[in-house]
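**Q** Got final.cif for you, mmCIF, C-alpha atoms and all ligand atoms:
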data_protein
#
loop_
_atom_site.label_atom_id
_atom_site.label_comp_id
_atom_site.auth_asym_id
_atom_site.auth_seq_id
_atom_site.Cartn_x
_atom_site.Cartn_y
_atom_site.Cartn_z
CA MET Y 1400 3.91 12.54 -15.60
CA LYS Y 1401 6.05 14.51 -18.02
CA TYR Y 1402 7.25 17.99 -18.95
CA ILE Y 1403 5.14 19.62 -21.66
CA ASN Y 1404 6.90 22.80 -22.80
CA LYS Y 1405 8.87 22.90 -19.55
CA ASN Y 1406 5.73 22.52 -17.45
CA LEU Y 1407 5.54 19.36 -15.39
CA SER Y 1408 2.14 17.81 -16.13
CA ILE Y 1409 0.04 14.92 -14.93
CA GLU Y 1410 -1.73 13.49 -17.95
CA LYS Y 1411 -2.82 16.69 -19.79
CA VAL Y 1412 -2.93 18.98 -16.76
CA LYS Y 1413 -0.11 21.29 -15.64
CA PHE Y 1414 0.78 20.99 -11.96
CA SER Y 1415 1.06 24.80 -11.85
CA ASN Y 1416 -2.63 25.05 -12.80
CA ILE Y 1417 -3.60 22.54 -10.12
CA ALA Y 1418 -1.68 24.55 -7.52
CA LYS Y 1419 -3.34 27.77 -8.67
CA LYS Y 1420 -6.81 26.25 -8.50
CA PHE Y 1421 -6.60 24.06 -5.41
CA GLY Y 1422 -3.67 25.43 -3.41
CA THR Y 1423 -0.82 23.41 -1.92
CA PRO Y 1424 0.02 20.89 -0.63
CA THR Y 1425 -2.19 18.74 -2.86
CA TYR Y 1426 -2.12 15.04 -3.70
CA CYS Y 1427 -2.78 14.29 -7.40
CA TYR Y 1428 -3.54 10.84 -8.80
CA SER Y 1429 -3.36 9.79 -12.44
CA TYR Y 1430 -6.29 7.66 -13.54
CA GLY Y 1431 -4.42 6.54 -16.69
CA GLN Y 1432 -1.53 5.23 -14.60
CA LEU Y 1433 -3.97 3.41 -12.28
CA LYS Y 1434 -5.57 1.71 -15.27
CA GLU Y 1435 -2.18 0.73 -16.67
CA ASN Y 1436 -1.01 -0.71 -13.32
CA ILE Y 1437 -4.12 -2.83 -12.87
CA ASN Y 1438 -4.06 -4.10 -16.45
CA THR Y 1439 -0.35 -4.96 -16.24
CA PHE Y 1440 -0.90 -6.76 -12.95
CA LYS Y 1441 -3.84 -8.75 -14.32
CA LYS Y 1442 -2.06 -9.62 -17.57
CA SER Y 1443 1.07 -10.78 -15.74
CA PHE Y 1444 -0.83 -13.43 -13.79
CA ASN Y 1445 -3.78 -14.12 -16.11
CA SER Y 1446 -2.95 -17.78 -16.68
CA PHE Y 1447 -4.36 -18.65 -13.23
CA SER Y 1448 -6.91 -15.77 -12.78
CA PRO Y 1449 -6.08 -14.80 -9.22
CA LEU Y 1450 -8.46 -12.90 -6.97
CA ILE Y 1451 -6.80 -9.50 -6.58
CA CYS Y 1452 -7.68 -7.87 -3.27
CA PHE Y 1453 -6.42 -4.28 -3.17
CA ALA Y 1454 -4.69 -3.51 0.16
CA ILE Y 1455 -6.88 -0.65 1.39
CA LYS Y 1456 -4.24 0.51 3.87
CA SER Y 1457 -2.10 1.81 1.03
CA ASN Y 1458 -4.72 4.36 -0.03
CA THR Y 1459 -7.99 4.97 1.77
CA ASN Y 1460 -9.64 7.42 -0.59
CA VAL Y 1461 -13.16 6.08 -1.16
CA ASN Y 1462 -13.45 7.60 -4.63
CA LEU Y 1463 -10.19 6.05 -5.74
CA ILE Y 1464 -11.27 2.67 -4.33
CA ARG Y 1465 -14.52 3.01 -6.32
CA GLU Y 1466 -12.42 3.31 -9.50
CA ILE Y 1467 -10.31 0.30 -8.46
CA LYS Y 1468 -13.49 -1.68 -7.84
CA LYS Y 1469 -14.62 -1.03 -11.41
CA PHE Y 1470 -11.71 -3.21 -12.59
CA GLY Y 1471 -13.17 -6.11 -10.61
CA LEU Y 1472 -10.74 -5.98 -7.70
CA GLY Y 1473 -11.64 -7.03 -4.17
CA ALA Y 1474 -10.10 -5.69 -0.96
CA ASP Y 1475 -7.69 -6.68 1.78
CA VAL Y 1476 -8.69 -4.90 4.98
CA VAL Y 1477 -7.08 -4.74 8.41
CA SER Y 1478 -9.63 -2.91 10.56
CA MET Y 1479 -13.37 -2.33 10.89
CA GLY Y 1480 -12.84 1.13 9.39
CA GLU Y 1481 -11.19 -0.29 6.28
CA LEU Y 1482 -13.89 -2.94 5.96
CA MET Y 1483 -16.62 -0.29 6.18
CA LEU Y 1484 -14.79 1.80 3.60
CA ALA Y 1485 -14.38 -1.11 1.16
CA LEU Y 1486 -18.12 -1.87 1.44
CA LYS Y 1487 -18.97 1.82 1.00
CA ALA Y 1488 -16.88 1.83 -2.20
CA GLY Y 1489 -19.12 -1.00 -3.43
CA ILE Y 1490 -16.65 -3.87 -3.18
CA ASP Y 1491 -18.35 -7.25 -3.13
CA PRO Y 1492 -18.03 -8.79 0.37
CA LYS Y 1493 -17.26 -12.10 -1.34
CA LYS Y 1494 -14.04 -10.46 -2.56
CA ILE Y 1495 -12.91 -9.14 0.83
CA VAL Y 1496 -10.26 -10.71 3.06
CA PHE Y 1497 -9.57 -9.48 6.58
CA SER Y 1498 -5.92 -9.62 7.78
CA GLY Y 1499 -4.21 -8.42 10.96
CA VAL Y 1500 -2.83 -9.75 14.25
CA GLY Y 1501 -5.26 -8.02 16.60
CA LYS Y 1502 -8.83 -8.16 15.36
CA THR Y 1503 -11.19 -7.28 18.21
CA SER Y 1504 -14.40 -9.20 18.95
CA ASN Y 1505 -16.37 -6.28 17.53
CA GLU Y 1506 -14.40 -6.38 14.30
CA ILE Y 1507 -14.84 -10.16 14.01
CA ARG Y 1508 -18.59 -9.85 14.65
CA TYR Y 1509 -18.90 -7.15 11.99
CA ALA Y 1510 -16.91 -9.18 9.45
CA ILE Y 1511 -19.10 -12.24 10.08
CA ASP Y 1512 -22.29 -10.18 9.70
CA LYS Y 1513 -21.05 -8.77 6.40
CA LYS Y 1514 -20.34 -12.30 5.08
CA ILE Y 1515 -16.88 -11.50 3.75
CA LEU Y 1516 -14.85 -14.12 1.88
CA LEU Y 1517 -12.26 -14.86 4.58
CA ILE Y 1518 -11.06 -13.85 7.98
CA ASN Y 1519 -7.34 -14.62 7.92
CA ALA Y 1520 -6.55 -15.53 11.52
CA GLU Y 1521 -3.09 -15.04 12.96
CA SER Y 1522 -3.17 -16.93 16.29
CA LYS Y 1523 -4.82 -19.73 18.20
CA SER Y 1524 -6.60 -17.22 20.44
CA GLU Y 1525 -8.06 -15.45 17.42
CA ILE Y 1526 -9.36 -18.73 15.95
CA ARG Y 1527 -11.00 -19.52 19.31
CA GLU Y 1528 -12.60 -16.07 19.36
CA ILE Y 1529 -13.91 -16.46 15.78
CA GLU Y 1530 -15.25 -19.88 16.74
CA LYS Y 1531 -16.96 -18.55 19.88
CA ILE Y 1532 -18.64 -15.70 18.01
CA SER Y 1533 -19.74 -17.85 15.06
CA LYS Y 1534 -21.16 -20.42 17.48
CA SER Y 1535 -23.19 -17.74 19.26
CA LYS Y 1536 -24.48 -16.55 15.88
CA LYS Y 1537 -25.16 -20.17 14.83
CA LYS Y 1538 -23.00 -19.70 11.76
CA ILE Y 1539 -20.15 -21.41 9.98
CA VAL Y 1540 -17.42 -18.93 9.16
CA ASN Y 1541 -14.78 -19.26 6.44
CA ILE Y 1542 -11.29 -18.60 7.69
CA GLY Y 1543 -7.69 -18.62 6.61
CA ILE Y 1544 -4.64 -19.14 8.78
CA ARG Y 1545 -1.61 -16.93 8.24
CA LEU Y 1546 1.63 -18.84 8.15
CA ASN Y 1547 4.87 -17.18 9.17
CA PRO Y 1548 7.19 -18.87 6.65
CA ASN Y 1549 10.36 -17.53 8.29
CA THR Y 1550 11.47 -16.11 4.94
CA ASP Y 1551 13.58 -12.98 4.59
CA ALA Y 1552 11.89 -10.61 2.13
CA LYS Y 1553 15.19 -8.73 1.60
CA THR Y 1554 13.51 -5.38 2.06
CA LEU Y 1555 13.63 -2.69 4.78
CA LYS Y 1556 13.61 -4.19 8.28
CA GLN Y 1557 10.63 -2.00 9.25
CA ILE Y 1558 8.43 -3.44 6.50
CA SER Y 1559 9.50 -7.10 6.72
CA THR Y 1560 6.83 -9.39 8.13
CA GLY Y 1561 7.77 -12.97 7.29
CA LYS Y 1562 10.63 -13.77 9.70
CA LYS Y 1563 10.03 -15.77 12.85
CA GLU Y 1564 10.87 -12.77 15.05
CA ASN Y 1565 8.01 -10.78 13.46
CA LYS Y 1566 4.62 -10.65 15.17
CA PHE Y 1567 2.76 -11.86 12.07
CA GLY Y 1568 1.30 -15.29 11.40
CA VAL Y 1569 2.02 -18.59 13.15
CA SER Y 1570 4.96 -21.00 13.00
CA GLU Y 1571 4.85 -24.22 10.95
CA LYS Y 1572 4.24 -26.30 14.05
CA THR Y 1573 1.35 -24.13 15.28
CA PHE Y 1574 -0.04 -24.00 11.75
CA ILE Y 1575 -0.36 -27.81 11.60
CA GLU Y 1576 -1.92 -27.85 15.09
CA LEU Y 1577 -4.45 -25.21 14.05
CA VAL Y 1578 -5.35 -27.07 10.85
CA ASN Y 1579 -6.12 -30.15 12.96
CA TYR Y 1580 -8.05 -28.05 15.45
CA SER Y 1581 -10.11 -26.42 12.68
CA LYS Y 1582 -10.92 -29.77 11.08
CA LEU Y 1583 -12.85 -30.72 14.21
CA SER Y 1584 -14.66 -27.40 14.62
CA LYS Y 1585 -18.35 -27.16 13.79
CA ASN Y 1586 -18.36 -23.38 13.40
CA ILE Y 1587 -15.29 -22.63 11.37
CA ASN Y 1588 -14.50 -23.77 7.88
CA LEU Y 1589 -10.80 -23.60 7.08
CA LYS Y 1590 -10.43 -22.50 3.46
CA CYS Y 1591 -7.16 -20.69 3.12
CA LEU Y 1592 -3.48 -20.58 3.92
CA SER Y 1593 -2.23 -17.00 3.84
CA VAL Y 1594 1.25 -15.46 3.86
CA HIS Y 1595 2.66 -11.97 3.47
CA ILE Y 1596 6.41 -11.64 3.91
CA GLY Y 1597 6.83 -7.88 3.57
CA SER Y 1598 6.50 -4.82 1.40
CA GLN Y 1599 8.53 -3.14 -1.37
CA ILE Y 1600 10.05 -6.50 -2.39
CA LEU Y 1601 12.19 -6.04 -5.49
CA ASP Y 1602 13.70 -9.51 -5.85
CA TYR Y 1603 11.53 -12.48 -6.85
CA LYS Y 1604 13.73 -14.98 -5.00
CA PRO Y 1605 12.19 -14.42 -1.52
CA TYR Y 1606 8.80 -15.17 -3.10
CA GLU Y 1607 10.23 -18.34 -4.63
CA LYS Y 1608 11.50 -19.41 -1.20
CA MET Y 1609 8.18 -18.54 0.42
CA LEU Y 1610 6.33 -20.71 -2.15
CA LYS Y 1611 8.61 -23.65 -1.40
CA VAL Y 1612 7.79 -23.35 2.31
CA VAL Y 1613 4.06 -23.04 1.56
CA ASP Y 1614 4.19 -26.09 -0.71
CA ARG Y 1615 5.90 -28.13 2.00
CA ILE Y 1616 3.43 -27.08 4.70
CA VAL Y 1617 0.37 -27.74 2.54
CA LYS Y 1618 1.64 -31.27 1.88
CA LYS Y 1619 2.52 -31.78 5.54
CA SER Y 1620 -0.88 -30.61 6.73
CA ASN Y 1621 -2.60 -33.05 4.39
CA TYR Y 1622 -5.50 -30.64 3.91
CA LYS Y 1623 -7.21 -29.28 0.79
CA PHE Y 1624 -7.05 -25.47 0.86
CA ASP Y 1625 -9.44 -23.78 -1.58
CA PHE Y 1626 -7.35 -20.60 -1.47
CA ILE Y 1627 -3.68 -19.76 -1.07
CA ASP Y 1628 -3.38 -16.05 -0.26
CA LEU Y 1629 0.12 -14.88 -1.15
CA GLY Y 1630 -0.32 -11.35 0.25
CA GLY Y 1631 1.13 -8.29 -1.47
CA GLY Y 1632 4.53 -6.68 -1.27
CA MET Y 1633 5.38 -6.28 -4.96
CA GLY Y 1634 7.99 -3.53 -5.10
CA ILE Y 1635 7.97 -0.54 -7.42
CA SER Y 1636 10.79 1.60 -8.72
CA TYR Y 1637 11.15 4.79 -6.66
CA GLU Y 1638 14.43 5.80 -8.20
CA LYS Y 1639 15.89 5.24 -11.63
CA SER Y 1640 18.45 2.83 -10.19
CA ASN Y 1641 16.07 0.42 -8.46
CA LYS Y 1642 14.22 -2.03 -10.64
CA LYS Y 1643 10.66 -3.06 -9.86
CA LEU Y 1644 9.73 -6.64 -9.07
CA ASN Y 1645 9.91 -8.94 -12.09
CA TYR Y 1646 6.30 -10.20 -12.32
CA GLN Y 1647 7.25 -12.75 -14.97
CA LYS Y 1648 9.66 -14.57 -12.67
CA TYR Y 1649 7.13 -14.51 -9.81
CA ASN Y 1650 4.47 -15.83 -12.19
CA ILE Y 1651 6.71 -18.76 -13.20
CA ALA Y 1652 7.27 -19.68 -9.53
CA ILE Y 1653 3.52 -19.61 -8.81
CA LYS Y 1654 2.69 -21.69 -11.87
CA LYS Y 1655 5.20 -24.28 -10.70
CA PHE Y 1656 3.52 -24.29 -7.26
CA LEU Y 1657 0.08 -24.71 -8.86
CA LYS Y 1658 1.18 -27.83 -10.77
CA SER Y 1659 0.94 -29.80 -7.55
CA ASN Y 1660 -1.63 -27.63 -5.73
CA ASP Y 1661 -5.18 -27.24 -6.96
CA CYS Y 1662 -6.33 -23.93 -5.47
CA LYS Y 1663 -7.28 -20.33 -6.24
CA ILE Y 1664 -4.52 -17.76 -5.68
CA ILE Y 1665 -5.30 -14.52 -3.84
CA PHE Y 1666 -3.05 -11.45 -4.01
CA GLU Y 1667 -3.19 -8.40 -1.73
CA PRO Y 1668 -1.26 -5.72 -3.63
CA GLY Y 1669 -1.27 -2.10 -2.48
CA ARG Y 1670 1.85 -0.21 -3.57
CA SER Y 1671 2.09 -1.88 -6.99
CA ILE Y 1672 -1.45 -0.69 -7.81
CA VAL Y 1673 -1.33 2.89 -6.53
CA GLY Y 1674 2.28 3.80 -5.65
CA ASN Y 1675 3.31 5.49 -8.88
CA ILE Y 1676 -0.08 7.08 -9.62
CA GLY Y 1677 0.31 9.77 -6.94
CA SER Y 1678 2.29 13.03 -6.70
CA LEU Y 1679 2.37 15.68 -4.01
CA ILE Y 1680 2.65 19.32 -5.09
CA SER Y 1681 4.17 21.68 -2.62
CA LYS Y 1682 5.22 25.32 -2.56
CA VAL Y 1683 8.52 26.76 -1.31
CA ILE Y 1684 7.67 28.98 1.65
CA TYR Y 1685 11.17 30.18 2.50
CA ILE Y 1686 14.74 29.54 1.49
CA LYS Y 1687 17.15 29.68 4.39
CA GLU Y 1688 20.85 29.67 3.71
CA SER Y 1689 23.80 29.58 6.10
CA ASN Y 1690 27.47 28.64 6.09
CA LYS Y 1691 26.64 25.22 7.40
CA LYS Y 1692 23.50 24.20 5.50
CA ASN Y 1693 20.88 25.44 3.11
CA PHE Y 1694 17.21 24.67 3.52
CA ILE Y 1695 14.27 24.75 1.14
CA ILE Y 1696 11.30 25.06 3.48
CA LEU Y 1697 8.20 23.59 1.84
CA ASP Y 1698 4.54 23.91 2.79
CA ALA Y 1699 4.25 20.08 2.80
CA ALA Y 1700 5.54 18.33 5.88
CA MET Y 1701 5.95 14.94 7.50
CA ASN Y 1702 2.29 15.01 8.53
CA ASP Y 1703 1.38 15.02 4.80
CA LEU Y 1704 4.02 12.51 3.70
CA MET Y 1705 5.47 10.43 6.50
CA ARG Y 1706 7.57 7.88 4.58
CA PRO Y 1707 10.86 9.84 4.56
CA ALA Y 1708 10.67 10.55 8.32
CA LEU Y 1709 9.51 7.02 9.16
CA TYR Y 1710 11.70 4.86 6.91
CA GLY Y 1711 14.27 7.23 5.44
CA ALA Y 1712 12.39 6.75 2.16
CA ASN Y 1713 13.41 8.97 -0.72
CA HIS Y 1714 10.84 10.33 -3.16
CA LYS Y 1715 12.05 11.78 -6.43
CA THR Y 1716 11.52 15.56 -6.32
CA LEU Y 1717 11.03 17.66 -9.45
CA PRO Y 1718 10.58 21.37 -10.20
CA VAL Y 1719 7.13 22.21 -11.60
CA VAL Y 1720 8.51 24.68 -14.14
CA LYS Y 1721 11.83 23.77 -15.70
CA THR Y 1722 14.34 26.59 -16.16
CA ASN Y 1723 17.58 24.64 -16.73
CA GLN Y 1724 19.35 26.96 -14.25
CA ILE Y 1725 21.12 24.60 -11.91
CA SER Y 1726 22.18 25.59 -8.40
CA LYS Y 1727 25.71 24.91 -7.21
CA LYS Y 1728 24.53 24.63 -3.60
CA VAL Y 1729 23.30 21.61 -1.66
CA TYR Y 1730 19.79 21.96 -0.25
CA GLU Y 1731 17.88 20.05 2.35
CA PHE Y 1732 14.16 19.96 1.50
CA VAL Y 1733 12.23 20.20 4.76
CA GLY Y 1734 8.74 20.87 6.06
CA PRO Y 1735 7.59 23.40 8.70
CA ILE Y 1736 6.99 20.85 11.49
CA CYS Y 1737 8.88 21.13 14.77
CA GLU Y 1738 10.83 17.88 14.39
CA SER Y 1739 14.28 17.43 12.89
CA THR Y 1740 13.04 14.30 11.07
CA ASP Y 1741 10.65 16.54 9.11
CA LYS Y 1742 12.95 16.30 6.13
CA PHE Y 1743 12.19 14.94 2.67
CA THR Y 1744 15.49 14.81 0.84
CA THR Y 1745 18.89 16.42 0.30
CA LEU Y 1746 19.70 17.40 -3.26
CA LYS Y 1747 22.77 18.61 -5.09
CA HIS Y 1748 22.57 20.24 -8.50
CA PHE Y 1749 18.82 20.84 -8.23
CA GLN Y 1750 17.33 23.58 -10.30
CA LYS Y 1751 17.72 27.06 -8.74
CA LEU Y 1752 14.55 27.71 -6.73
CA LYS Y 1753 12.93 30.92 -5.49
CA GLU Y 1754 10.42 31.40 -2.71
CA LYS Y 1755 6.87 30.56 -3.97
CA ASP Y 1756 8.21 28.13 -6.62
CA LEU Y 1757 6.51 24.75 -6.82
CA VAL Y 1758 7.98 21.27 -6.55
CA VAL Y 1759 6.45 17.81 -6.90
CA MET Y 1760 7.29 14.71 -4.89
CA CYS Y 1761 6.74 11.57 -6.97
CA ASP Y 1762 5.36 8.08 -6.33
CA VAL Y 1763 3.40 8.96 -3.21
CA GLY Y 1764 0.13 7.20 -4.13
CA ALA Y 1765 0.74 4.37 -1.66
CA TYR Y 1766 1.19 5.07 2.06
CA GLY Y 1767 1.24 8.81 1.36
CA MET Y 1768 -2.16 10.20 2.28
CA SER Y 1769 -3.07 7.04 4.23
CA LEU Y 1770 -0.20 7.64 6.66
CA SER Y 1771 -0.92 11.37 6.99
CA SER Y 1772 -1.86 12.95 10.31
CA ASN Y 1773 -2.89 16.23 11.86
CA TYR Y 1774 0.37 16.67 13.77
CA ASN Y 1775 1.07 20.31 14.62
CA LEU Y 1776 -2.66 20.71 13.99
CA ARG Y 1777 -2.16 20.90 10.26
CA PRO Y 1778 -5.18 20.12 8.08
CA LYS Y 1779 -4.84 17.18 5.68
CA PRO Y 1780 -4.29 18.11 2.01
CA THR Y 1781 -6.74 18.09 -0.89
CA GLU Y 1782 -6.75 14.98 -3.10
CA ILE Y 1783 -7.57 15.23 -6.79
CA SER Y 1784 -7.68 12.71 -9.61
CA VAL Y 1785 -6.80 13.50 -13.21
CA LYS Y 1786 -8.15 11.74 -16.28
CA GLY Y 1787 -6.83 13.30 -19.49
CA SER Y 1788 -7.59 16.99 -19.04
CA LYS Y 1789 -10.37 16.37 -16.49
CA ILE Y 1790 -9.80 17.06 -12.80
CA ASN Y 1791 -11.95 15.70 -9.98
CA VAL Y 1792 -11.63 16.72 -6.36
CA ILE Y 1793 -11.83 13.35 -4.61
CA LYS Y 1794 -11.29 14.73 -1.11
CA LYS Y 1795 -11.42 18.31 0.00
CA ARG Y 1796 -8.72 19.89 2.14
CA GLN Y 1797 -9.61 19.60 5.82
CA LYS Y 1798 -10.81 22.84 7.32
CA LEU Y 1799 -9.21 24.09 10.51
CA GLU Y 1800 -12.71 24.49 11.95
CA GLU Y 1801 -13.13 20.70 11.69
CA LEU Y 1802 -10.04 20.25 13.82
CA ILE Y 1803 -10.43 22.94 16.42
N1 LIG N 1901 -1.26 -7.65 2.89
C1 LIG N 1901 -0.86 -7.51 4.17
C2 LIG N 1901 -1.25 -8.50 5.15
C3 LIG N 1901 -0.06 -6.40 4.51
O1 LIG N 1901 0.36 -6.26 5.76
C4 LIG N 1901 0.32 -5.45 3.51
C5 LIG N 1901 1.12 -4.28 3.84
C6 LIG N 1901 -0.16 -5.65 2.20
C7 LIG N 1901 -0.93 -6.78 1.93
C8 LIG N 1901 0.14 -4.70 1.08
O2 LIG N 1901 1.50 -4.63 0.79
P1 LIG N 1901 2.04 -3.81 -0.51
O3 LIG N 1901 1.61 -4.57 -1.74
O4 LIG N 1901 1.47 -2.45 -0.46
O5 LIG N 1901 3.52 -3.82 -0.31
N2 LIG N 1901 3.95 1.99 5.29
C9 LIG N 1901 4.95 1.22 4.57
C10 LIG N 1901 4.37 -0.06 4.02
C11 LIG N 1901 3.73 -0.95 5.07
C12 LIG N 1901 3.07 -2.16 4.49
C13 LIG N 1901 2.23 -2.84 5.50
N3 LIG N 1901 1.55 -4.01 5.02
C14 LIG N 1901 5.57 2.10 3.48
O6 LIG N 1901 5.20 3.27 3.40
O7 LIG N 1901 6.43 1.64 2.74
#
As a first step, turn the structure in this file into structure tokens.
Ligand code: LLP
**A**
Amino acid sequence: MKYINKNLSIEKVKFSNIAKKFGTPTYCYSYGQLKENINTFKKSFNSFSPLICFAIKSNTNVNLIREIKKFGLGADVVSMGELMLALKAGIDPKKIVFSGVGKTSNEIRYAIDKKILLINAESKSEIREIEKISKSKKKIVNIGIRLNPNTDAKTLKQISTGKKENKFGVSEKTFIELVNYSKLSKNINLKCLSVHIGSQILDYKPYEKMLKVVDRIVKKSNYKFDFIDLGGGMGISYEKSNKKLNYQKYNIAIKKFLKSNDCKIIFEPGRSIVGNIGSLISKVIYIKESNKKNFIILDAAMNDLMRPALYGANHKTLPVVKTNQISKKVYEFVGPICESTDKFTTLKHFQKLKEKDLVVMCDVGAYGMSLSSNYNLRPKPTEISVKGSKINVIKKRQKLEELI
């Protein structure tokens, strides 16, 4: 994304042209950036050729997942819907892992029928349920067990998953018990230890700690795991000041782990693959100024992009046409929804804006559209992908008739 003659552009296409053609709000994804992210990810860890399972929850656009599949990636799914979507996008079932603390019997049955690589179980009850279903189907099912390594991911509390107070995975003690239980089972084949300590992790040290715990538990369980699934969580840079995760340092820690562990590594990245490929264009509906506060009221709202309302996340916001006229006022950028948390950001020294001007919110490719809703009965936005100067509509704007 860059300014070409003062026009903010995604690859070779001006955002103003996209807005003219498809209306606003609209999600736009850069194919070039997607390709770069996947290649960088692969290159960073190529010495041990991991299986990279894209976390479908971060972006559920089937056309985008089809593109991701072309790079050989598998999928990490957390519901029957996501599993169906991954299969529809053509992802090989032998590259699909199923995570989540509350898989229903129906979901387990479906996953077994589709012969996916692994069901990563998160409790004793779930293992019993998988065992019961596989027995009734006269099958042997490959499973993983998710360990809760009690490791602080040093990220937002709301997206931390690896501490003992979190609902995810099982404790060390239960893990060992479940390994011994699985060894005796005729219908389950324990293949994997899985972990996922959180999301938007910017420091490699929590990963290093997590690997030390995993190493200790593998040795203690005295069991040969074919796979170690390290989850996702690799953080990206949302603002100039915050660095992204140093892959090199993480790679060194994994290589050290692999010296004494002969297994295939699985990753489940979401944000690091699609986060910075997406932008949301929005139009200023009204500008409302008062003594107390000034508001830029956009046509995008928290139903389109939930992260600021949900986590206080801040997405860089840019004017679509640069004028270099800077406003002296402070503006709160808000949406039209009837909630005070429907607020994107507060900016000082932003470019002077007029009603009908366009702005772009950056780095919304992960957990942007996938967290969107129809709150206030607002239709979900159009999604387009851009490759050079070519635009593809990869999901049409919802029609009100579909909702009413
Ligand atoms: N694997 C498991 C088991 C997960 O729970 C998650 C994310 C991932 C992989 C992918 O993590 P990633 O590489 O994308 O960090 N809505 C929040 C993020 C929630 C993440 C939930 N789990 C946000 O907008 O920041």
**Q** Using all atoms listed in the file, pick whichever of Y:Leu1629, Y:Cys1591, Y:Leu1746, Y:Ile1511 has the shortest atom-to-atom distance to Ile1725 in chain Y.
**A**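 The shortest atom-to-atom distance to Ile1725 in chain Y comes from Y:Leu1746.
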**Q** Given all atoms listed in the file as the basis, pick out the residue of Y:Cys1737, Y:Ile1790, Y:Ala1765, Y:Val1683 nearest to Leu1752 in chain Y.
**A**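 Nearest to Leu1752 in chain Y: Y:Val1683.
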**Q** May I have the protein, DNA and RNA residues with an atom at most 7 Å from (8.3, 14.7, 3.4), counting only C-alpha atoms in the file's coordinates, returned as a list in words?
**A**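 Final list of nearby residues, as requested, is Ala1699, Ala1700, Met1701, Leu1704, Met1705, Arg1706, Pro1707, Ala1708, Val1733, Gly1734, Asp1741, Lys1742 and Phe1743 of chain Y.
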**Q** What is the CA of Ser1535 in chain Y-CA of Ser1581 in chain Y distance in Å, reported with one decimal?
**A** 17.0 Å
**Q** Taking all atoms listed in the file into account, which of Y:Glu1754, Y:Glu1800, Y:Glu1731, Y:Asp1475 comes nearest ligand LIG 1901 (chain N)?
**A**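 For ligand LIG 1901 (chain N), the nearest of the candidates is Y:Asp1475.
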**Q** Need the shell around range 1622-1625 of chain Y: protein/DNA/RNA residues with any atom at most 12 Å away, counting only C-alpha atoms. Skip same-chain ones fewer than 5 positions apart. Format as a ChimeraX atom specification?
**A** /Y:1516-1517,1541-1544,1574-1575,1577-1579,1581-1582,1588-1593,1613-1617,1659-1665
**Q** Extract range 1484-1512 of chain Y from the structure I just pasted (atoms: C-alpha atoms) and return it as a PDB file, in the first residue's frame.
**A**
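The result, stored in result-v9.pdb:
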ATOM      1  CA  LEU Y1484     -15.046 -24.251   4.349  1.00  0.00           C
ATOM      2  CA  ALA Y1485     -11.447 -25.543   4.304  1.00  0.00           C
ATOM      3  CA  LEU Y1486     -12.575 -28.624   2.356  1.00  0.00           C
ATOM      4  CA  LYS Y1487     -14.613 -26.462  -0.034  1.00  0.00           C
ATOM      5  CA  ALA Y1488     -11.474 -24.381  -0.682  1.00  0.00           C
ATOM      6  CA  GLY Y1489      -9.777 -27.624  -1.724  1.00  0.00           C
ATOM      7  CA  ILE Y1490      -7.476 -28.088   1.256  1.00  0.00           C
ATOM      8  CA  ASP Y1491      -6.230 -31.645   1.587  1.00  0.00           C
ATOM      9  CA  PRO Y1492      -7.876 -33.290   4.649  1.00  0.00           C
ATOM     10  CA  LYS Y1493      -4.472 -34.765   5.470  1.00  0.00           C
ATOM     11  CA  LYS Y1494      -3.315 -31.188   6.116  1.00  0.00           C
ATOM     12  CA  ILE Y1495      -6.187 -30.221   8.438  1.00  0.00           C
ATOM     13  CA  VAL Y1496      -6.019 -30.061  12.230  1.00  0.00           C
ATOM     14  CA  PHE Y1497      -9.096 -29.477  14.381  1.00  0.00           C
ATOM     15  CA  SER Y1498      -8.602 -27.412  17.580  1.00  0.00           C
ATOM     16  CA  GLY Y1499     -11.038 -26.097  20.188  1.00  0.00           C
ATOM     17  CA  VAL Y1500     -12.258 -26.838  23.717  1.00  0.00           C
ATOM     18  CA  GLY Y1501     -15.853 -27.723  22.881  1.00  0.00           C
ATOM     19  CA  LYS Y1502     -16.133 -29.935  19.825  1.00  0.00           C
ATOM     20  CA  THR Y1503     -19.591 -31.490  19.706  1.00  0.00           C
ATOM     21  CA  SER Y1504     -20.226 -35.155  18.875  1.00  0.00           C
ATOM     22  CA  ASN Y1505     -21.501 -34.073  15.468  1.00  0.00           C
ATOM     23  CA  GLU Y1506     -18.329 -32.148  14.767  1.00  0.00           C
ATOM     24  CA  ILE Y1507     -16.155 -35.074  15.881  1.00  0.00           C
ATOM     25  CA  ARG Y1508     -18.155 -37.487  13.700  1.00  0.00           C
ATOM     26  CA  TYR Y1509     -17.788 -35.193  10.692  1.00  0.00           C
ATOM     27  CA  ALA Y1510     -14.034 -34.770  11.254  1.00  0.00           C
ATOM     28  CA  ILE Y1511     -13.587 -38.556  11.503  1.00  0.00           C
ATOM     29  CA  ASP Y1512     -15.597 -39.122   8.307  1.00  0.00           C
TER      30      ASP Y1512
END
